[in-house]
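Q: The structure's right below; bear with me while I get my questions together.
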Amino acid sequence: MERYPSHIGENVFCGEPCRRAWLSDEFTGDGHPNWKGGGNEEYGKGWRAVRQRALERDNYSCRVCGQTHEELGRNPDVHHIRPVRSFIESENHTREDAHYIENVISLCISCHRKAEFEKIDAEYLRSLIADS
């Protein structure tokens with residue numbers, strides 16, 4: 001068996017699919033180096049309805065790059081421009097207060113990741129939906 005030096009460490013995997021599965025399990029939630037708190041619990045009342053409205057408003061396409069439902073092979077993600085965690089952490093708001101149509105936008109997986117890591121400005125995202 002041959003292995004690249006970068007693949008030698010504490011964990012040994014039978015192949016790339018096993019390594020990917022381990023990474024997926026190991027680096028989620030508080031195990032992820034970029035985790036900022038919160039969890040994967042339900043978003044609460046109103047989320048499904050506003051999510052559906054956003055998908056319809058955005059024609060089931062990423063508002064940043066334009067990839068369609070057909071090109072993605074699934075619905076785009078629906079991203080909270082102002083994160084749900086900021087509502088949870090506020091003394092004056094609840095989780096459900098985050099679910100309003102002007103605070104969500106449809107994004108492909110790649111653009112969603114960029115938005116989550118602030119590589120796409122929130123004001124730019126708001127400008128994309130302002131005319132809708």
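Ligands are numbered from 1 in the order shown, chains are lettered A, B, ... in the order of the structure tokens, and residues start at 1 in each chain.
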If we count only C-alpha atoms and set the cut-off at 6 Å, which residues sit around range 75-80 of chain A, ignoring sequence neighbours fewer than 6 positions away in its own chain? Please answer as a compact mmCIF listing (two decimals) with N, CA and C atoms, in the first residue's frame.

A:
# COMPACT_ATOMS: atom_id res chain seq x y z
N HIS A 69 -31.89 25.54 -10.49
CA HIS A 69 -32.25 24.27 -9.85
C HIS A 69 -31.78 23.10 -10.71
N ASN A 103 -34.54 39.07 4.70
CA ASN A 103 -33.32 38.59 5.36
C ASN A 103 -32.83 37.27 4.77
N VAL A 104 -33.46 36.79 3.71
CA VAL A 104 -33.05 35.51 3.14
C VAL A 104 -32.84 35.64 1.64
N ILE A 105 -31.94 34.81 1.13
CA ILE A 105 -31.60 34.81 -0.29
C ILE A 105 -31.20 33.40 -0.72
N SER A 106 -31.57 33.03 -1.94
CA SER A 106 -31.22 31.72 -2.48
C SER A 106 -29.81 31.74 -3.03
N LEU A 107 -29.00 30.76 -2.60
CA LEU A 107 -27.60 30.67 -3.03
C LEU A 107 -27.23 29.22 -3.33
N CYS A 108 -26.36 29.02 -4.31
CA CYS A 108 -25.81 27.69 -4.56
C CYS A 108 -24.89 27.33 -3.38

Q: Residues near range 44-53 of chain A, anyone? I mean within 6 Å using only C-alpha atoms, not counting same-chain ones fewer than 6 positions away, as JSON, numbers by chain.

A: {"A": [96, 99, 101]}

Q: Could you tell me how far CA of Asp25 in chain A sits from CA of Val12 in chain A, in Å to one decimal place?

A: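 Computing it gives 15.3 Å between the two atoms.
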
Q: So how far away is CA of Cys111 in chain A from CA of Leu125 in chain A, in Å?

A: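 So the two atoms, CA of Leu125 in chain A and CA of Cys111 in chain A, lie 10.6 Å apart.
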
Q: If you run DSSP over the backbone, which residues in range 54-120 of chain A end up helix (DSSP H, G or I)? Put them as a ChimeraX atom specification.

A: /A:54-57,69-72,84-89,95-98,101-103,109-116

Q: Store the residues of this selection in a file with N, CA and C atoms, as a compact mmCIF listing (two decimals), in the first residue's frame.

A:
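After the write, out24.txt holds the following:
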# COMPACT_ATOMS: atom_id res chain seq x y z
N ALA A 54 -38.73 32.55 -0.58
CA ALA A 54 -37.44 32.99 -1.13
C ALA A 54 -37.10 32.20 -2.39
N LEU A 55 -37.30 30.89 -2.36
CA LEU A 55 -37.02 30.07 -3.55
C LEU A 55 -37.87 30.53 -4.73
N GLU A 56 -39.14 30.79 -4.46
CA GLU A 56 -40.03 31.24 -5.54
C GLU A 56 -39.62 32.62 -6.05
N ARG A 57 -39.34 33.55 -5.13
CA ARG A 57 -38.92 34.90 -5.51
C ARG A 57 -37.66 34.85 -6.37
N HIS A 69 -31.89 25.54 -10.49
CA HIS A 69 -32.25 24.27 -9.85
C HIS A 69 -31.78 23.10 -10.71
N GLU A 70 -32.00 23.19 -12.00
CA GLU A 70 -31.62 22.11 -12.91
C GLU A 70 -30.10 21.91 -12.94
N GLU A 71 -29.36 23.01 -12.99
CA GLU A 71 -27.90 22.91 -13.02
C GLU A 71 -27.34 22.37 -11.70
N LEU A 72 -27.97 22.75 -10.59
CA LEU A 72 -27.52 22.30 -9.28
C LEU A 72 -27.93 20.86 -8.99
N VAL A 84 -29.04 33.72 11.99
CA VAL A 84 -30.00 33.33 13.02
C VAL A 84 -29.36 33.46 14.40
N ARG A 85 -28.07 33.13 14.51
CA ARG A 85 -27.41 33.19 15.82
C ARG A 85 -27.42 34.59 16.41
N SER A 86 -27.41 35.63 15.55
CA SER A 86 -27.44 36.99 16.09
C SER A 86 -28.80 37.30 16.71
N PHE A 87 -29.85 36.67 16.21
CA PHE A 87 -31.17 36.84 16.81
C PHE A 87 -31.26 36.06 18.12
N ILE A 88 -30.68 34.87 18.12
CA ILE A 88 -30.70 34.03 19.33
C ILE A 88 -29.94 34.72 20.46
N GLU A 89 -28.82 35.33 20.12
CA GLU A 89 -27.97 35.97 21.14
C GLU A 89 -28.54 37.30 21.63
N ARG A 95 -35.33 33.33 17.78
CA ARG A 95 -34.85 32.65 16.57
C ARG A 95 -35.80 32.93 15.40
N GLU A 96 -37.09 32.90 15.66
CA GLU A 96 -38.08 33.07 14.61
C GLU A 96 -38.06 34.47 13.99
N ASP A 97 -37.55 35.46 14.74
CA ASP A 97 -37.48 36.82 14.20
C ASP A 97 -36.54 36.92 13.00
N ALA A 98 -35.67 35.95 12.81
CA ALA A 98 -34.73 35.95 11.68
C ALA A 98 -35.41 35.60 10.37
N ILE A 101 -38.63 37.71 4.75
CA ILE A 101 -38.22 37.58 3.35
C ILE A 101 -37.06 38.49 2.97
N GLU A 102 -36.94 39.65 3.59
CA GLU A 102 -35.84 40.56 3.27
C GLU A 102 -34.51 40.13 3.90
N ASN A 103 -34.54 39.07 4.70
CA ASN A 103 -33.32 38.59 5.36
C ASN A 103 -32.83 37.27 4.77
N ILE A 109 -24.45 26.12 -3.32
CA ILE A 109 -23.61 25.68 -2.21
C ILE A 109 -22.34 26.51 -2.12
N SER A 110 -21.70 26.75 -3.24
CA SER A 110 -20.44 27.50 -3.25
C SER A 110 -20.64 28.94 -2.78
N CYS A 111 -21.64 29.62 -3.33
CA CYS A 111 -21.90 31.01 -2.92
C CYS A 111 -22.37 31.07 -1.47
N HIS A 112 -23.11 30.05 -1.02
CA HIS A 112 -23.55 30.01 0.37
C HIS A 112 -22.34 29.92 1.30
N ARG A 113 -21.41 29.09 0.95
CA ARG A 113 -20.19 28.96 1.76
C ARG A 113 -19.45 30.29 1.82
N LYS A 114 -19.33 30.96 0.68
CA LYS A 114 -18.65 32.26 0.65
C LYS A 114 -19.39 33.27 1.52
N ALA A 115 -20.71 33.28 1.45
CA ALA A 115 -21.50 34.21 2.26
C ALA A 115 -21.32 33.91 3.75
N GLU A 116 -21.30 32.63 4.11
CA GLU A 116 -21.13 32.25 5.51
C GLU A 116 -19.78 32.71 6.06

Q: Kindly indicate which residue among A:Cys14, A:Tyr100, A:Gln67, A:Ile81 lies nearest to Ser127 in chain A, using only C-alpha atoms for the distances.

A: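 Closest to Ser127 in chain A, using only C-alpha atoms: A:Ile81.
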
Q: Quick check, in Å to one decimal: how far apart do CA of Glu123 in chain A and CA of Gly66 in chain A lie?

A: 18.2 Å
